[in-house]
Amino acid sequence: MQFVWRPSAGSVIALLLTLLAGCQHGGPPALPKSRPASSIAKSEFSAPTTKPGERAGVAVYVDDQLMLDYKPESALVNKQTVVTHPKFPVIDVHCHWSLKQDPQQLLRAMDKLGEERAVNLSGGFGPDLDKMLAACQAASKERLLVFCNLDFSHIDDPTFATDVVKYLEAAHAKGAAGLKVFKNLGLTVKDKSGKRVAVDDPRLDPAWEACGRLHMPVLIHSSDPSAFFKPIDRNNERWMQLQRHPDWDFARPGFPTYEQVLDEHTRMIGRHPNTVFISAHLANSGEDLGKLSKWLDTYPNLFVDISGRVPELGRQPYSGRKFLIKYQDRVCFGTDRYPGRIDQPRELIYYRYLETDDEYFDYYDNPFPTEGDWRIYGAYLPDLVLKKIYHDNAARALRGLKPT
């Protein structure tokens with residue numbers, strides 16, 4: 001339902017003042033006092049929801065008219081392809097699930113979605129890792145793979161280098177298929193002195209070297225979208241996303257810059273050429289494929305996954321398609337979800353993006369844009385490229401093998 005407000009002249013001035021105040025403080029403007037928010041039905045904002053921060057939408061105003069939850073329906077008459085199954089078997093290298101998920105249910109969802117294997121990056125460490133490995137291996141050792149994680153709380157210990165190598169060797173022997181490093185490294189992890197631990201901190205070099213020797217790929221998330229490091233104002237294309245996730249605001253004091261974290265990320269990869277790295281989310285550089293291309297040209301041990309970044313690729317249809325074809329041996333399929341997850345599903349939209357030439361469609365399957373307010377175009381990739389991105393690149397990376 002839409003709401004059109006026609007205020008008095010005095011209310012227009014009040015509206016402009018509240019809009020200005022909201023922009024200056026990086027927050028949403030309040031409604032004018034002549035129409036308090038409490039008097040507006042919930043349905044007038046957006047689809048009902050129980051989650052805080054998700055009652056959000058676009059507001060536009062022209063002269064004395066204000067419209068909330070503006071979502072124009074496209075008048076384009078174009079092809080809409082329903083892709084329920086991928087052309088080739090899929091390996092999802094970027095999943096997250098906990099022990100609450102039933103492994104048998106995951107396998108049934110994978111069968112329905114055409115997924116051959118799924119990689120759980122939230123394996124943990126210590127007893128948590130042992131439990132996750134046991135649960136997944138009991139269900140299917142070949143299809144449900146588990147990556148272990150690092151405990152950075154002991155990075156100051158004099159035996160950390162030796163301990164982390166022993167830990168990785170033991171995890172590998174138990175069946176851990178690789179190592180996942182979360183974005184807290186480089187952003188929030190600190191040592192006992194209170195200093196931020198950089199992604200390329202030399203104290204972590206033994207871990208990366210051990211992974212190379214053990215043929216354990218390192219899937220690492222460094223930094224985040226560039227908009228998360230910019231002021232949350234009217235120029236930020238992810239304003240609504242950051243309202244829902246204020247903890248993703250890294251423009252606050254105390255955080256490094258976007259460029260600083262990614263510089264550390266690439267230096268670390270270059271320093272360990274015998275270790276295979278999969279940089280999550282297109283190395284958080286989907287907005288600048290030229291920069292990402294230079295990294296792939298420079299570091300032959302680097303793969304990237306597309307999880308959570310199909311919206312970035314799909315809104316630049318020419319550059320995105322050229323990038324995927326040029327680096328067809330370096331890109332892996334990933335969703336950042338678990339198979340069968342109901343809220344914000346991604347698999348079928350990703351299949352549609354990769355396989356079809358559909359135009360101007362939503363990148364999300366939920367009531368609101370999860371990232372930015374735009375639509376995407378299909379890449380209609382050739383079958384050879386599709387097979388590599390869906391399956392072959394991940395299969396090679398999971399063996400700790402560099403691109404050919």
# chains A, B, ... in the order shown; residues from 1 in each chain; ligands from 1
$ residues_around --residues "Val90 (chain A)" --least-positions-apart "4" --cutoff "6 Å" --atoms "only C-alpha atoms" --output "PyMOL selection string"
chain A and resi 115-116+390-391
$ select_by_dssp --residues "region 239-298 of chain A" --states "helix (DSSP H, G or I)" --output "MDAnalysis selection string"
chainID A and resid 239:244 246:248 258:271 280:283 289:298
$ residues_around --residues "Asp336 (chain A)" --least-positions-apart "5" --cutoff "8 Å" --atoms "only C-alpha atoms" --output "list of chain:residue names"
A:His94, A:Cys95, A:His96, A:Ser307, A:Gly308
$ write_last_selection --atoms "all heavy atoms" --output "PDB file, in the first residue's frame"
ATOM      1  N   HIS A  94      30.677 -21.723  -0.444  1.00  0.00           N
ATOM      2  CA  HIS A  94      30.494 -20.718   0.606  1.00  0.00           C
ATOM      3  C   HIS A  94      29.133 -20.893   1.268  1.00  0.00           C
ATOM      4  O   HIS A  94      28.153 -20.234   0.921  1.00  0.00           O
ATOM      5  CB  HIS A  94      30.626 -19.309   0.018  1.00  0.00           C
ATOM      6  CG  HIS A  94      30.849 -18.252   1.057  1.00  0.00           C
ATOM      7  ND1 HIS A  94      31.814 -17.286   0.941  1.00  0.00           N
ATOM      8  CD2 HIS A  94      30.216 -18.002   2.238  1.00  0.00           C
ATOM      9  CE1 HIS A  94      31.778 -16.490   1.990  1.00  0.00           C
ATOM     10  NE2 HIS A  94      30.802 -16.904   2.787  1.00  0.00           N
ATOM     11  N   CYS A  95      29.085 -21.795   2.240  1.00  0.00           N
ATOM     12  CA  CYS A  95      27.864 -22.033   3.020  1.00  0.00           C
ATOM     13  C   CYS A  95      28.157 -21.835   4.503  1.00  0.00           C
ATOM     14  O   CYS A  95      29.314 -21.884   4.936  1.00  0.00           O
ATOM     15  CB  CYS A  95      27.344 -23.454   2.817  1.00  0.00           C
ATOM     16  SG  CYS A  95      26.873 -23.880   1.135  1.00  0.00           S
ATOM     17  N   HIS A  96      27.099 -21.626   5.253  1.00  0.00           N
ATOM     18  CA  HIS A  96      27.199 -21.547   6.714  1.00  0.00           C
ATOM     19  C   HIS A  96      26.012 -22.276   7.319  1.00  0.00           C
ATOM     20  O   HIS A  96      24.861 -21.959   7.000  1.00  0.00           O
ATOM     21  CB  HIS A  96      27.188 -20.087   7.188  1.00  0.00           C
ATOM     22  CG  HIS A  96      28.358 -19.284   6.736  1.00  0.00           C
ATOM     23  ND1 HIS A  96      29.603 -19.383   7.331  1.00  0.00           N
ATOM     24  CD2 HIS A  96      28.475 -18.371   5.743  1.00  0.00           C
ATOM     25  CE1 HIS A  96      30.439 -18.545   6.728  1.00  0.00           C
ATOM     26  NE2 HIS A  96      29.781 -17.930   5.752  1.00  0.00           N
ATOM     27  N   SER A 307      29.685 -15.393  -3.917  1.00  0.00           N
ATOM     28  CA  SER A 307      28.645 -15.346  -2.891  1.00  0.00           C
ATOM     29  C   SER A 307      28.332 -13.912  -2.486  1.00  0.00           C
ATOM     30  O   SER A 307      29.221 -13.112  -2.208  1.00  0.00           O
ATOM     31  CB  SER A 307      29.075 -16.140  -1.655  1.00  0.00           C
ATOM     32  OG  SER A 307      30.203 -15.542  -1.032  1.00  0.00           O
ATOM     33  N   GLY A 308      27.057 -13.574  -2.481  1.00  0.00           N
ATOM     34  CA  GLY A 308      26.622 -12.258  -2.073  1.00  0.00           C
ATOM     35  C   GLY A 308      27.002 -11.132  -3.016  1.00  0.00           C
ATOM     36  O   GLY A 308      26.765  -9.958  -2.707  1.00  0.00           O
TER      37      GLY A 308
END
$ residues_around --residues "Trp97 (chain A)" --least-positions-apart "3" --cutoff "7 Å" --atoms "only C-alpha atoms" --output "list in words"
Gln101, Asn120, Ser122 and Tyr338 of chain A
$ select_by_dssp --residues "region 48-148 of chain A" --states "strand (DSSP E or B)" --output "ChimeraX atom specification"
/A:60-62,65-68,90-95,115-120,144-148
$ closest_residue --among "A:Lys190, A:Arg143, A:Lys402, A:Arg375" --to "Ser74 (chain A)" --atoms "only C-alpha atoms"
A:Arg375
$ residues_around --residues "Asp357 (chain A)" --least-positions-apart "2" --cutoff "7 Å" --atoms "only C-alpha atoms" --output "list in words"
Glu359, Tyr377, Gly378, Ala379 and Tyr380 of chain A
$ closest_residue --among "A:Arg271, A:Lys131, A:Lys387, A:Arg315" --to "Phe361 (chain A)" --atoms "only C-alpha atoms"
A:Arg315
$ residues_around --residues "Leu302 (chain A)" --least-positions-apart "4" --cutoff "7 Å" --atoms "only C-alpha atoms" --output "mmCIF file with N, CA, C and O atoms, in the first residue's frame"
data_model
loop_
_atom_site.group_PDB
_atom_site.id
_atom_site.type_symbol
_atom_site.label_atom_id
_atom_site.label_comp_id
_atom_site.auth_asym_id
_atom_site.auth_seq_id
_atom_site.Cartn_x
_atom_site.Cartn_y
_atom_site.Cartn_z
ATOM 1 N N VAL A 276 46.709 -21.980 -1.774
ATOM 2 C CA VAL A 276 45.549 -21.566 -2.554
ATOM 3 C C VAL A 276 44.615 -20.749 -1.670
ATOM 4 O O VAL A 276 44.211 -21.192 -0.586
ATOM 5 N N PHE A 277 44.286 -19.548 -2.134
ATOM 6 C CA PHE A 277 43.355 -18.675 -1.427
ATOM 7 C C PHE A 277 42.101 -18.479 -2.281
ATOM 8 O O PHE A 277 42.201 -18.261 -3.493
ATOM 9 N N ILE A 278 40.955 -18.558 -1.637
ATOM 10 C CA ILE A 278 39.688 -18.202 -2.264
ATOM 11 C C ILE A 278 39.214 -16.944 -1.557
ATOM 12 O O ILE A 278 38.845 -16.993 -0.381
ATOM 13 N N LEU A 296 43.923 -10.804 -9.921
ATOM 14 C CA LEU A 296 43.915 -12.156 -10.477
ATOM 15 C C LEU A 296 45.066 -12.361 -11.449
ATOM 16 O O LEU A 296 45.626 -13.470 -11.544
#
$ residues_around --residues "Gly400 (chain A)" --least-positions-apart "6" --cutoff "12 Å" --atoms "only C-alpha atoms" --output "PyMOL selection string"
chain A and resi 177-179+210-219+273-278+301-303+393-394
$ write_last_selection --atoms "N, CA, C and O atoms" --output "mmCIF file, in the first residue's frame"
data_model
loop_
_atom_site.group_PDB
_atom_site.id
_atom_site.type_symbol
_atom_site.label_atom_id
_atom_site.label_comp_id
_atom_site.auth_asym_id
_atom_site.auth_seq_id
_atom_site.Cartn_x
_atom_site.Cartn_y
_atom_site.Cartn_z
ATOM 1 N N ALA A 177 38.354 -29.867 5.386
ATOM 2 C CA ALA A 177 38.709 -29.727 3.969
ATOM 3 C C ALA A 177 39.434 -28.431 3.663
ATOM 4 O O ALA A 177 39.953 -28.257 2.560
ATOM 5 N N GLY A 178 39.489 -27.509 4.607
ATOM 6 C CA GLY A 178 40.147 -26.236 4.374
ATOM 7 C C GLY A 178 40.031 -25.357 5.595
ATOM 8 O O GLY A 178 39.564 -25.785 6.662
ATOM 9 N N LEU A 179 40.457 -24.122 5.453
ATOM 10 C CA LEU A 179 40.426 -23.144 6.541
ATOM 11 C C LEU A 179 39.611 -21.936 6.100
ATOM 12 O O LEU A 179 39.825 -21.404 5.007
ATOM 13 N N ALA A 210 51.321 -23.667 6.412
ATOM 14 C CA ALA A 210 50.870 -25.024 6.731
ATOM 15 C C ALA A 210 49.716 -25.433 5.819
ATOM 16 O O ALA A 210 49.657 -26.577 5.351
ATOM 17 N N CYS A 211 48.811 -24.513 5.546
ATOM 18 C CA CYS A 211 47.686 -24.827 4.658
ATOM 19 C C CYS A 211 48.180 -25.180 3.258
ATOM 20 O O CYS A 211 47.648 -26.100 2.614
ATOM 21 N N GLY A 212 49.196 -24.484 2.800
ATOM 22 C CA GLY A 212 49.762 -24.807 1.494
ATOM 23 C C GLY A 212 50.370 -26.191 1.475
ATOM 24 O O GLY A 212 50.175 -26.963 0.524
ATOM 25 N N ARG A 213 51.105 -26.503 2.516
ATOM 26 C CA ARG A 213 51.753 -27.817 2.590
ATOM 27 C C ARG A 213 50.727 -28.935 2.687
ATOM 28 O O ARG A 213 50.935 -30.033 2.126
ATOM 29 N N LEU A 214 49.623 -28.679 3.381
ATOM 30 C CA LEU A 214 48.587 -29.694 3.584
ATOM 31 C C LEU A 214 47.557 -29.721 2.455
ATOM 32 O O LEU A 214 46.631 -30.528 2.493
ATOM 33 N N HIS A 215 47.718 -28.828 1.466
ATOM 34 C CA HIS A 215 46.752 -28.692 0.372
ATOM 35 C C HIS A 215 45.354 -28.381 0.910
ATOM 36 O O HIS A 215 44.342 -28.901 0.413
ATOM 37 N N MET A 216 45.321 -27.512 1.904
ATOM 38 C CA MET A 216 44.064 -27.021 2.459
ATOM 39 C C MET A 216 43.832 -25.605 1.928
ATOM 40 O O MET A 216 44.590 -24.688 2.239
ATOM 41 N N PRO A 217 42.826 -25.375 1.106
ATOM 42 C CA PRO A 217 42.563 -24.014 0.633
ATOM 43 C C PRO A 217 42.139 -23.109 1.784
ATOM 44 O O PRO A 217 41.523 -23.567 2.754
ATOM 45 N N VAL A 218 42.458 -21.836 1.656
ATOM 46 C CA VAL A 218 42.069 -20.839 2.650
ATOM 47 C C VAL A 218 41.012 -19.944 2.014
ATOM 48 O O VAL A 218 41.310 -19.187 1.089
ATOM 49 N N LEU A 219 39.780 -20.046 2.486
ATOM 50 C CA LEU A 219 38.738 -19.144 2.018
ATOM 51 C C LEU A 219 38.667 -17.998 3.023
ATOM 52 O O LEU A 219 38.336 -18.199 4.186
ATOM 53 N N PRO A 273 52.817 -17.973 -2.159
ATOM 54 C CA PRO A 273 52.412 -18.428 -3.496
ATOM 55 C C PRO A 273 52.066 -19.905 -3.578
ATOM 56 O O PRO A 273 51.425 -20.327 -4.548
ATOM 57 N N ASN A 274 52.458 -20.696 -2.584
ATOM 58 C CA ASN A 274 52.166 -22.127 -2.621
ATOM 59 C C ASN A 274 50.867 -22.493 -1.907
ATOM 60 O O ASN A 274 50.532 -23.671 -1.798
ATOM 61 N N THR A 275 50.175 -21.493 -1.431
ATOM 62 C CA THR A 275 48.894 -21.715 -0.761
ATOM 63 C C THR A 275 47.771 -21.200 -1.646
ATOM 64 O O THR A 275 47.863 -20.100 -2.199
ATOM 65 N N VAL A 276 46.709 -21.980 -1.774
ATOM 66 C CA VAL A 276 45.549 -21.566 -2.554
ATOM 67 C C VAL A 276 44.615 -20.749 -1.670
ATOM 68 O O VAL A 276 44.211 -21.192 -0.586
ATOM 69 N N PHE A 277 44.286 -19.548 -2.134
ATOM 70 C CA PHE A 277 43.355 -18.675 -1.427
ATOM 71 C C PHE A 277 42.101 -18.479 -2.281
ATOM 72 O O PHE A 277 42.201 -18.261 -3.493
ATOM 73 N N ILE A 278 40.955 -18.558 -1.637
ATOM 74 C CA ILE A 278 39.688 -18.202 -2.264
ATOM 75 C C ILE A 278 39.214 -16.944 -1.557
ATOM 76 O O ILE A 278 38.845 -16.993 -0.381
ATOM 77 N N ASN A 301 47.751 -17.892 -7.416
ATOM 78 C CA ASN A 301 47.199 -18.789 -6.397
ATOM 79 C C ASN A 301 45.867 -18.295 -5.854
ATOM 80 O O ASN A 301 45.362 -18.811 -4.851
ATOM 81 N N LEU A 302 45.257 -17.317 -6.525
ATOM 82 C CA LEU A 302 44.028 -16.693 -6.036
ATOM 83 C C LEU A 302 42.810 -17.106 -6.847
ATOM 84 O O LEU A 302 42.807 -17.011 -8.078
ATOM 85 N N PHE A 303 41.772 -17.586 -6.144
ATOM 86 C CA PHE A 303 40.430 -17.755 -6.683
ATOM 87 C C PHE A 303 39.526 -16.727 -5.999
ATOM 88 O O PHE A 303 39.887 -16.157 -4.963
ATOM 89 N N ASN A 393 36.141 -25.349 -11.009
ATOM 90 C CA ASN A 393 37.090 -24.500 -10.294
ATOM 91 C C ASN A 393 37.113 -24.817 -8.804
ATOM 92 O O ASN A 393 38.175 -24.890 -8.185
ATOM 93 N N ALA A 394 35.933 -25.012 -8.234
ATOM 94 C CA ALA A 394 35.862 -25.361 -6.818
ATOM 95 C C ALA A 394 36.488 -26.730 -6.558
ATOM 96 O O ALA A 394 37.180 -26.922 -5.543
#
$ closest_residue --among "A:Gly254, A:Phe323, A:Tyr70, A:Glu237" --to "Lys294 (chain A)" --atoms "only C-alpha atoms"
A:Phe323
$ atom_distance --atom1 "CA of Ala171 (chain A)" --atom2 "CA of Val197 (chain A)"
23.5 Å
$ atom_distance --atom1 "CA of Gln105 (chain A)" --atom2 "CA of Lys183 (chain A)"
28.7 Å
$ closest_residue --among "A:Thr266, A:Thr298, A:Thr356, A:Thr370" --to "Val82 (chain A)" --atoms "only C-alpha atoms"
A:Thr356
$ atom_distance --atom1 "CA of Pro300 (chain A)" --atom2 "CA of Ala397 (chain A)"
12.0 Å
